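Data from final_24.pdb: PDB, C-alpha atoms (C1' of nucleotides)
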MODEL        1
ATOM      1  CA  MET A1043     145.920  48.968 166.098
ATOM      2  CA  ASN A1044     148.842  47.334 167.788
ATOM      3  CA  THR A1045     150.251  44.693 165.486
ATOM      4  CA  GLU A1046     153.615  44.373 167.182
ATOM      5  CA  LYS A1047     152.906  41.957 169.987
ATOM      6  CA  LYS A1048     150.683  38.988 169.507
ATOM      7  CA  ARG A1049     148.222  38.145 172.221
ATOM      8  CA  SER A1050     148.431  34.365 172.032
ATOM      9  CA  ASP A1051     149.380  31.495 169.742
ATOM     10  CA  CYS A1052     145.795  30.964 168.612
ATOM     11  CA  PRO A1053     145.517  31.216 164.818
ATOM     12  CA  ILE A1054     142.315  33.255 165.090
ATOM     13  CA  SER A1055     143.937  35.670 167.489
ATOM     14  CA  CYS A1056     147.095  35.997 165.384
ATOM     15  CA  SER A1057     145.031  36.616 162.269
ATOM     16  CA  LEU A1058     142.971  39.254 164.007
ATOM     17  CA  ASP A1059     146.195  40.902 165.150
ATOM     18  CA  ILE A1060     146.924  41.551 161.477
ATOM     19  CA  TRP A1061     143.580  42.358 159.895
ATOM     20  CA  GLY A1062     141.041  42.220 162.716
ATOM     21  CA  ASP A1063     139.928  45.803 162.923
ATOM     22  CA  LYS A1064     137.035  47.788 161.517
ATOM     23  CA  TRP A1065     138.832  48.917 158.361
ATOM     24  CA  THR A1066     141.377  46.464 157.034
ATOM     25  CA  LEU A1067     138.972  43.953 155.510
ATOM     26  CA  LEU A1068     137.216  46.796 153.728
ATOM     27  CA  ILE A1069     140.501  47.742 152.097
ATOM     28  CA  ILE A1070     140.946  44.105 151.090
ATOM     29  CA  ARG A1071     137.397  44.053 149.756
ATOM     30  CA  ASP A1072     138.103  47.107 147.629
ATOM     31  CA  LEU A1073     141.234  45.505 146.245
ATOM     32  CA  MET A1074     139.323  42.361 145.384
ATOM     33  CA  SER A1075     136.681  44.179 143.417
ATOM     34  CA  ALA A1076     139.064  46.613 141.758
ATOM     35  CA  LYS A1077     142.170  44.412 141.281
ATOM     36  CA  ALA A1078     144.345  47.437 142.055
ATOM     37  CA  SER A1079     143.637  50.768 143.634
ATOM     38  CA  THR A1080     145.293  54.062 144.336
ATOM     39  CA  TYR A1081     145.244  55.766 147.710
ATOM     40  CA  GLY A1082     142.544  58.075 146.424
ATOM     41  CA  ASP A1083     140.410  55.134 145.272
ATOM     42  CA  PHE A1084     140.206  53.787 148.833
ATOM     43  CA  LEU A1085     139.087  57.178 150.080
ATOM     44  CA  LYS A1086     136.136  57.080 147.679
ATOM     45  CA  SER A1087     134.596  54.004 149.332
ATOM     46  CA  PRO A1088     131.264  54.648 151.033
ATOM     47  CA  GLU A1089     132.548  54.018 154.556
ATOM     48  CA  ARG A1090     134.715  57.163 154.383
ATOM     49  CA  ILE A1091     137.949  56.013 155.957
ATOM     50  CA  SER A1092     140.075  58.931 157.062
ATOM     51  CA  THR A1093     143.444  59.555 155.475
ATOM     52  CA  ASN A1094     145.624  58.876 158.501
ATOM     53  CA  ILE A1095     143.883  55.576 159.264
ATOM     54  CA  LEU A1096     144.147  54.515 155.653
ATOM     55  CA  ALA A1097     147.860  55.250 155.562
ATOM     56  CA  ALA A1098     148.380  53.323 158.809
ATOM     57  CA  ARG A1099     146.412  50.296 157.590
ATOM     58  CA  LEU A1100     148.162  50.200 154.234
ATOM     59  CA  LYS A1101     151.469  50.264 156.073
ATOM     60  CA  VAL A1102     150.522  47.293 158.249
ATOM     61  CA  LEU A1103     149.162  45.394 155.253
ATOM     62  CA  GLU A1104     152.367  46.002 153.341
ATOM     63  CA  GLU A1105     154.553  45.061 156.306
ATOM     64  CA  ASN A1106     152.637  41.817 156.588
ATOM     65  CA  LYS A1107     152.894  41.289 152.836
ATOM     66  CA  LEU A1108     149.178  41.133 152.158
ATOM     67  CA  ILE A1109     149.522  43.963 149.664
ATOM     68  CA  GLU A1110     152.300  45.437 147.587
ATOM     69  CA  LYS A1111     152.932  48.822 146.052
ATOM     70  CA  LEU A1112     153.397  49.138 142.334
ATOM     71  CA  ALA A1113     154.335  52.060 140.141
ATOM     72  CA  HIS A1114     151.303  53.426 138.377
ATOM     73  CA  PRO A1115     151.647  53.115 134.585
ATOM     74  CA  ASP A1116     150.144  56.549 133.966
ATOM     75  CA  SER A1117     151.931  58.731 136.480
ATOM     76  CA  LYS A1118     154.820  58.773 138.887
ATOM     77  CA  ALA A1119     152.673  60.713 141.350
ATOM     78  CA  LYS A1120     150.295  57.778 141.728
ATOM     79  CA  VAL A1121     150.832  54.526 143.581
ATOM     80  CA  LEU A1122     149.026  51.305 142.792
ATOM     81  CA  TYR A1123     148.175  48.957 145.631
ATOM     82  CA  LYS A1124     147.619  45.311 144.767
ATOM     83  CA  LEU A1125     146.942  42.156 146.742
ATOM     84  CA  THR A1126     149.652  39.564 147.084
ATOM     85  CA  ARG A1127     148.719  35.888 147.057
ATOM     86  CA  LYS A1128     148.604  36.044 150.839
ATOM     87  CA  GLY A1129     146.033  38.816 150.595
ATOM     88  CA  ILE A1130     144.098  37.165 147.788
ATOM     89  CA  ASP A1131     143.807  34.086 149.972
ATOM     90  CA  LEU A1132     141.552  36.022 152.349
ATOM     91  CA  LEU A1133     138.882  35.634 149.656
ATOM     92  CA  PRO A1134     137.333  32.473 151.169
ATOM     93  CA  ILE A1135     136.858  34.374 154.418
ATOM     94  CA  LEU A1136     135.201  37.301 152.680
ATOM     95  CA  VAL A1137     132.957  34.930 150.767
ATOM     96  CA  GLU A1138     131.808  33.332 154.010
ATOM     97  CA  VAL A1139     131.234  36.735 155.557
ATOM     98  CA  ASN A1140     129.022  37.612 152.612
ATOM     99  CA  LEU A1141     127.077  34.381 152.977
ATOM    100  CA  TRP A1142     126.588  34.969 156.685
ATOM    101  CA  ALA A1143     125.416  38.504 156.003
ATOM    102  CA  GLU A1144     123.057  37.247 153.336
ATOM    103  CA  LYS A1145     121.470  34.906 155.860
ATOM    104  CA  TYR A1146     121.169  37.336 158.754
ATOM    105  CA  LEU A1147     121.387  40.925 157.576
ATOM    106  CA  SER A1148     119.319  42.807 155.028
ATOM    107  CA  MET A1149     120.790  42.980 151.579
ATOM    108  CA  SER A1150     119.796  44.257 148.156
ATOM    109  CA  ASP A1151     118.241  41.739 145.784
ATOM    110  CA  ASP A1152     120.935  42.019 143.145
ATOM    111  CA  ARG A1153     123.616  41.325 145.717
ATOM    112  CA  LYS A1154     121.601  38.299 146.836
ATOM    113  CA  ALA A1155     121.334  37.088 143.263
ATOM    114  CA  MET A1156     125.105  37.297 142.862
ATOM    115  CA  LEU A1157     125.610  35.264 146.009
ATOM    116  CA  GLU A1158     123.233  32.582 144.784
ATOM    117  CA  ASP A1159     125.609  32.030 141.904
ATOM    118  CA  VAL A1160     128.577  31.898 144.255
ATOM    119  CA  LYS A1161     126.833  29.290 146.409
ATOM    120  CA  LYS A1162     126.213  27.033 143.424
ATOM    121  CA  ASP A1163     129.955  26.548 143.027
ATOM    122  CA  LYS A1164     131.833  28.138 145.857
ATOM    123  CA  ALA A1165     135.166  26.469 145.142
ATOM    124  CA  GLY A1166     134.919  27.303 141.465
ATOM    125  CA  PHE A1167     134.137  30.925 142.164
ATOM    126  CA  ILE A1168     137.088  31.235 144.496
ATOM    127  CA  LYS A1169     139.424  29.570 142.034
ATOM    128  CA  THR A1170     138.366  31.755 139.118
ATOM    129  CA  MET A1171     138.465  34.915 141.161
ATOM    130  CA  THR A1172     141.867  34.043 142.626
ATOM    131  CA  GLU A1173     143.343  33.434 139.196
ATOM    132  CA  ASN A1174     141.909  36.682 137.985
ATOM    133  CA  LEU A1175     143.395  38.612 140.895
ATOM    134  CA  GLU A1176     146.761  36.960 140.548
ATOM    135  CA  GLU A1177     147.511  38.045 137.015
ATOM    136  CA  LEU A1178     149.248  41.384 136.999
TER
ATOM    137  CA  MET B1436     132.981  49.704 169.368
ATOM    138  CA  ASN B1437     130.140  51.698 167.953
ATOM    139  CA  THR B1438     127.499  49.285 166.709
ATOM    140  CA  GLU B1439     124.682  51.807 166.567
ATOM    141  CA  LYS B1440     125.207  53.409 163.178
ATOM    142  CA  LYS B1441     126.238  51.388 160.183
ATOM    143  CA  ARG B1442     128.845  52.798 157.911
ATOM    144  CA  SER B1443     127.430  51.567 154.619
ATOM    145  CA  ASP B1444     125.143  48.946 153.101
ATOM    146  CA  CYS B1445     128.038  46.641 152.269
ATOM    147  CA  PRO B1446     127.547  43.198 153.845
ATOM    148  CA  ILE B1447     131.188  43.054 154.885
ATOM    149  CA  SER B1448     130.985  46.443 156.520
ATOM    150  CA  CYS B1449     127.704  45.635 158.298
ATOM    151  CA  SER B1450     129.122  42.350 159.561
ATOM    152  CA  LEU B1451     132.242  44.055 160.842
ATOM    153  CA  ASP B1452     130.038  46.597 162.602
ATOM    154  CA  ILE B1453     128.745  43.704 164.735
ATOM    155  CA  TRP B1454     131.737  41.442 165.319
ATOM    156  CA  GLY B1455     134.669  43.134 163.561
ATOM    157  CA  ASP B1456     136.854  44.063 166.487
ATOM    158  CA  LYS B1457     139.857  42.474 168.131
ATOM    159  CA  TRP B1458     137.879  40.540 170.752
ATOM    160  CA  THR B1459     134.456  39.413 169.599
ATOM    161  CA  LEU B1460     135.551  36.541 167.365
ATOM    162  CA  LEU B1461     137.692  35.217 170.218
ATOM    163  CA  ILE B1462     134.589  35.059 172.407
ATOM    164  CA  ILE B1463     132.807  33.216 169.595
ATOM    165  CA  ARG B1464     135.786  30.882 169.264
ATOM    166  CA  ASP B1465     135.637  30.100 172.982
ATOM    167  CA  LEU B1466     131.935  29.357 172.745
ATOM    168  CA  MET B1467     132.531  27.052 169.804
ATOM    169  CA  SER B1468     135.103  24.984 171.583
ATOM    170  CA  ALA B1469     133.309  24.951 174.936
ATOM    171  CA  LYS B1470     129.654  24.862 173.804
ATOM    172  CA  ALA B1471     128.784  27.149 176.719
ATOM    173  CA  SER B1472     130.845  29.343 178.968
ATOM    174  CA  THR B1473     130.527  31.474 182.050
ATOM    175  CA  TYR B1474     131.834  35.007 182.326
ATOM    176  CA  GLY B1475     134.792  33.670 184.268
ATOM    177  CA  ASP B1476     135.573  31.101 181.577
ATOM    178  CA  PHE B1477     136.106  33.832 179.003
ATOM    179  CA  LEU B1478     138.471  35.611 181.340
ATOM    180  CA  LYS B1479     140.644  32.497 181.478
ATOM    181  CA  SER B1480     141.446  32.590 177.758
ATOM    182  CA  PRO B1481     145.096  33.273 176.971
ATOM    183  CA  GLU B1482     144.470  36.676 175.360
ATOM    184  CA  ARG B1483     143.414  38.111 178.742
ATOM    185  CA  ILE B1484     140.406  40.201 177.837
ATOM    186  CA  SER B1485     139.616  42.745 180.508
ATOM    187  CA  THR B1486     136.351  42.573 182.417
ATOM    188  CA  ASN B1487     134.784  45.775 181.130
ATOM    189  CA  ILE B1488     135.509  44.933 177.490
ATOM    190  CA  LEU B1489     134.139  41.432 177.975
ATOM    191  CA  ALA B1490     130.925  42.749 179.498
ATOM    192  CA  ALA B1491     130.548  45.255 176.662
ATOM    193  CA  ARG B1492     131.129  42.638 173.954
ATOM    194  CA  LEU B1493     128.761  40.125 175.514
ATOM    195  CA  LYS B1494     126.122  42.843 175.619
ATOM    196  CA  VAL B1495     126.532  43.636 171.905
ATOM    197  CA  LEU B1496     126.537  39.930 171.022
ATOM    198  CA  GLU B1497     123.350  39.400 172.978
ATOM    199  CA  GLU B1498     121.682  42.495 171.508
ATOM    200  CA  ASN B1499     122.494  41.166 168.058
ATOM    201  CA  LYS B1500     121.254  37.712 169.046
ATOM    202  CA  LEU B1501     124.506  35.889 168.347
ATOM    203  CA  ILE B1502     124.552  34.585 171.895
ATOM    204  CA  GLU B1503     122.003  34.026 174.646
ATOM    205  CA  LYS B1504     122.178  33.859 178.396
ATOM    206  CA  LEU B1505     121.045  30.737 180.201
ATOM    207  CA  ALA B1506     120.651  29.962 183.869
ATOM    208  CA  HIS B1507     123.506  27.811 185.059
ATOM    209  CA  PRO B1508     122.237  24.414 186.269
ATOM    210  CA  ASP B1509     124.622  24.354 189.230
ATOM    211  CA  SER B1510     124.329  27.819 190.696
ATOM    212  CA  LYS B1511     122.250  30.960 190.672
ATOM    213  CA  ALA B1512     125.418  33.021 190.887
ATOM    214  CA  LYS B1513     126.615  31.743 187.508
ATOM    215  CA  VAL B1514     125.424  32.637 184.030
ATOM    216  CA  LEU B1515     125.871  30.420 180.996
ATOM    217  CA  TYR B1516     126.514  32.016 177.625
ATOM    218  CA  LYS B1517     125.681  29.996 174.555
ATOM    219  CA  LEU B1518     125.721  30.611 170.801
ATOM    220  CA  THR B1519     122.455  31.003 168.925
ATOM    221  CA  ARG B1520     122.157  29.579 165.427
ATOM    222  CA  LYS B1521     123.137  33.014 164.126
ATOM    223  CA  GLY B1522     126.333  32.795 166.148
ATOM    224  CA  ILE B1523     126.997  29.173 165.278
ATOM    225  CA  ASP B1524     126.763  30.143 161.607
ATOM    226  CA  LEU B1525     129.959  32.144 161.979
ATOM    227  CA  LEU B1526     131.728  28.776 162.045
ATOM    228  CA  PRO B1527     132.492  28.700 158.293
ATOM    229  CA  ILE B1528     134.233  32.044 158.695
ATOM    230  CA  LEU B1529     136.316  30.818 161.613
ATOM    231  CA  VAL B1530     137.220  27.680 159.683
ATOM    232  CA  GLU B1531     138.479  29.771 156.788
ATOM    233  CA  VAL B1532     140.434  32.001 159.161
ATOM    234  CA  ASN B1533     142.105  28.909 160.562
ATOM    235  CA  LEU B1534     142.960  27.660 157.083
ATOM    236  CA  TRP B1535     144.414  31.019 156.126
ATOM    237  CA  ALA B1536     146.451  31.092 159.305
ATOM    238  CA  GLU B1537     147.654  27.561 158.652
ATOM    239  CA  LYS B1538     148.932  28.638 155.253
ATOM    240  CA  TYR B1539     150.595  31.870 156.293
ATOM    241  CA  LEU B1540     151.292  31.938 160.016
ATOM    242  CA  SER B1541     153.215  29.569 162.209
ATOM    243  CA  MET B1542     151.159  26.959 163.983
ATOM    244  CA  SER B1543     151.713  23.955 166.196
ATOM    245  CA  ASP B1544     151.842  20.579 164.490
ATOM    246  CA  ASP B1545     148.862  19.141 166.308
ATOM    247  CA  ARG B1546     146.740  22.108 165.293
ATOM    248  CA  LYS B1547     147.903  21.571 161.709
ATOM    249  CA  ALA B1548     146.964  17.903 161.896
ATOM    250  CA  MET B1549     143.467  18.785 163.049
ATOM    251  CA  LEU B1550     143.060  21.193 160.155
ATOM    252  CA  GLU B1551     144.138  18.539 157.682
ATOM    253  CA  ASP B1552     141.143  16.520 158.787
ATOM    254  CA  VAL B1553     138.878  19.530 158.430
ATOM    255  CA  LYS B1554     140.136  20.144 154.899
ATOM    256  CA  LYS B1555     139.344  16.592 153.847
ATOM    257  CA  ASP B1556     135.646  17.272 154.377
ATOM    258  CA  LYS B1557     135.040  20.890 155.169
ATOM    259  CA  ALA B1558     131.277  20.811 154.670
ATOM    260  CA  GLY B1559     130.964  17.659 156.722
ATOM    261  CA  PHE B1560     132.987  19.126 159.559
ATOM    262  CA  ILE B1561     130.873  22.267 159.622
ATOM    263  CA  LYS B1562     127.658  20.259 159.556
ATOM    264  CA  THR B1563     128.679  17.947 162.383
ATOM    265  CA  MET B1564     130.037  20.758 164.490
ATOM    266  CA  THR B1565     126.944  22.892 163.909
ATOM    267  CA  GLU B1566     124.629  20.089 164.964
ATOM    268  CA  ASN B1567     126.728  19.508 168.024
ATOM    269  CA  LEU B1568     126.604  23.172 168.998
ATOM    270  CA  GLU B1569     122.890  23.430 168.391
ATOM    271  CA  GLU B1570     121.775  20.798 170.866
ATOM    272  CA  LEU B1571     121.220  22.326 174.255
TER
ATOM    273  C1'  DA C 634     159.952  78.954 134.192
ATOM    274  C1'  DA C 635     156.104  79.960 136.972
ATOM    275  C1'  DC C 636     151.602  78.673 138.299
ATOM    276  C1'  DA C 637     147.923  76.038 139.860
ATOM    277  C1'  DC C 638     146.455  71.386 140.630
ATOM    278  C1'  DT C 639     146.603  66.463 141.788
ATOM    279  C1'  DC C 640     148.214  62.856 144.633
ATOM    280  C1'  DA C 641     149.898  60.515 148.593
ATOM    281  C1'  DC C 642     150.563  61.072 152.560
ATOM    282  C1'  DT C 643     151.682  63.615 157.594
ATOM    283  C1'  DT C 644     150.618  66.452 161.558
ATOM    284  C1'  DG C 645     147.897  68.527 165.344
ATOM    285  C1'  DC C 646     144.419  68.138 168.173
ATOM    286  C1'  DA C 647     139.734  66.924 170.085
ATOM    287  C1'  DT C 648     137.134  62.917 171.057
ATOM    288  C1'  DA C 649     136.271  58.019 171.682
ATOM    289  C1'  DT C 650     137.804  53.513 173.006
ATOM    290  C1'  DT C 651     140.717  50.474 175.665
ATOM    291  C1'  DG C 652     142.954  48.514 179.531
ATOM    292  C1'  DC C 653     144.055  48.185 184.264
ATOM    293  C1'  DA C 654     142.692  48.266 189.115
ATOM    294  C1'  DA C 655     139.437  48.618 192.395
ATOM    295  C1'  DG C 656     134.807  48.222 193.991
ATOM    296  C1'  DC C 657     130.173  46.173 194.536
ATOM    297  C1'  DA C 658     126.051  43.263 194.924
ATOM    298  C1'  DC C 659     124.695  38.780 195.132
ATOM    299  C1'  DT C 660     125.412  33.793 195.957
ATOM    300  C1'  DT C 661     127.823  29.930 197.757
ATOM    301  C1'  DT C 662     131.053  27.752 200.863
ATOM    302  C1'  DT C 663     133.102  27.126 205.447
TER
ATOM    303  C1'  DA D 948     128.646  34.912 210.436
ATOM    304  C1'  DA D 949     132.779  35.436 207.806
ATOM    305  C1'  DA D 950     135.203  34.490 203.693
ATOM    306  C1'  DA D 951     135.364  33.479 198.999
ATOM    307  C1'  DG D 952     133.376  33.089 194.248
ATOM    308  C1'  DT D 953     130.809  35.193 190.437
ATOM    309  C1'  DG D 954     129.371  38.658 187.306
ATOM    310  C1'  DC D 955     129.633  42.603 186.545
ATOM    311  C1'  DT D 956     130.400  48.372 187.086
ATOM    312  C1'  DT D 957     133.217  52.460 187.884
ATOM    313  C1'  DG D 958     137.218  55.648 187.695
ATOM    314  C1'  DC D 959     140.945  56.963 185.376
ATOM    315  C1'  DA D 960     145.206  56.849 182.570
ATOM    316  C1'  DA D 961     146.895  55.340 178.123
ATOM    317  C1'  DT D 962     145.974  54.554 173.450
ATOM    318  C1'  DA D 963     143.483  54.818 169.086
ATOM    319  C1'  DT D 964     140.378  57.217 166.100
ATOM    320  C1'  DG D 965     138.530  60.933 163.292
ATOM    321  C1'  DC D 966     138.551  65.382 161.400
ATOM    322  C1'  DA D 967     140.850  69.353 159.309
ATOM    323  C1'  DA D 968     144.665  71.389 157.746
ATOM    324  C1'  DG D 969     149.262  71.151 155.921
ATOM    325  C1'  DT D 970     153.321  69.323 153.129
ATOM    326  C1'  DG D 971     155.993  68.036 149.364
ATOM    327  C1'  DA D 972     156.716  65.609 145.136
ATOM    328  C1'  DG D 973     154.821  65.175 140.402
ATOM    329  C1'  DT D 974     151.995  66.875 136.529
ATOM    330  C1'  DG D 975     149.722  69.866 133.273
ATOM    331  C1'  DT D 976     149.027  74.587 131.648
ATOM    332  C1'  DT D 977     150.710  79.214 130.195
TER
ENDMDL
END

How does the structure come out when it is put into structure tokens?
Amino acid sequence: MNTEKKRSDCPISCSLDIWGDKWTLLIIRDLMSAKASTYGDFLKSPERISTNILAARLKVLEENKLIEKLAHPDSKAKVLYKLTRKGIDLLPILVEVNLWAEKYLSMSDDRKAMLEDVKKDKAGFIKTMTENLEEL
Amino acid sequence: MNTEKKRSDCPISCSLDIWGDKWTLLIIRDLMSAKASTYGDFLKSPERISTNILAARLKVLEENKLIEKLAHPDSKAKVLYKLTRKGIDLLPILVEVNLWAEKYLSMSDDRKAMLEDVKKDKAGFIKTMTENLEEL
DNA sequence: AACACTCACTTGCATATTGCAAGCACTTTT
DNA sequence: AAAAGTGCTTGCAATATGCAAGTGAGTGTT
């Protein structure tokens, strides 16, 4: 994806220039459910991103400061990727995507049940989840 | 974009399989601000989508019932594209994208001012706008 | 210290998608 | 009847993607 030149001044367009491809939001999703992931963790996701694409997307995400690299506590060979606040703040978007999908796409019952809880207090869910993701 | 096979059962992934490319949400955006557009209207947007991509995206959007074609009242040569309820319901996502962009990307002051109003009553804005888009 | 093994990438290459320009059928205007 | 507008389609070059294999640093085992 070309993230160098922006296509217009529209906020939607500029946002899509950063994370508007088939893969990036899935990486963000993984980081939101895992809090922090290694390169290998991303590769385990069911969508099977390929290694070169993953490396390219992580680079763009880091350049745009949506994620940051951390030293892994267990090993110098491993790298931990973590969302910055800027990345965490994509959560409201992902929540709305889930709610749209719940309304129009098929979804497992347990996933639906989880979303029912989210809907009861959307703002509260986002706040709690954000705080949880922000602590190191 | 390949919309035939879905990559996983994840709601995010399935949603992205439909509208998760660089162009589709811009088409949706145009339809939200214009209520209905012709093929030529889309081409006038500042991002300069090319004609073959536009035709391909409109086809996928129609196949997935996010938009519908209507006869133009003025001319048989023209076609009117309009959002279905399924397409209109992407509005909460676009609102959140705008709010994220407001927080992290540069934006004109008048656009910011408009978003301040949206933030004061997000649910109300979405409801009003949805009703407005739904009437023929 | 040598060995295999893990981990995070990078590289090469075939295939798929995009983007530009031109073309085309149909309708409307002059 | 000719010219222009409208909604596409087609051809082709440039770019991006996806797969497999490779690399090089770090780790754990002997």

Pull out every residue that the PyMOL selection byres ((chain B) within 7 of (chain A)) matches in the shown coordinates and put them as JSON, numbers by chain. {"B": [1442, 1443, 1446, 1447, 1448, 1450, 1451, 1455, 1456, 1457, 1461, 1481, 1482, 1524, 1525, 1527, 1528, 1531, 1532, 1533, 1535, 1536]}

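Running the PyMOL selection byres ((chain C) within 9 of (chain A)) on this file leaves DT639, DC640, DA641, DC642 and DT643 of chain C selected.
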
8 Å contacts from chain D to chain B using only C-alpha atoms (C1' of nucleotides), as JSON, numbers by chain: {"D": [953, 954, 955, 956]}

Expansion of the PyMOL selection byres ((chain C and resi 637) around 10) into residues, as a list in words: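 Evaluating the PyMOL selection byres ((chain C and resi 637) around 10) on these coordinates yields DA635, DC636, DC638 and DT639 of chain C; DG975 and DT976 of chain D.
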
DA961 (chain D) surroundings by all atoms listed in the file, 10 Å radius, close-in-sequence under 6 positions cut, as a VMD selection string: chain C and resid 651 to 653
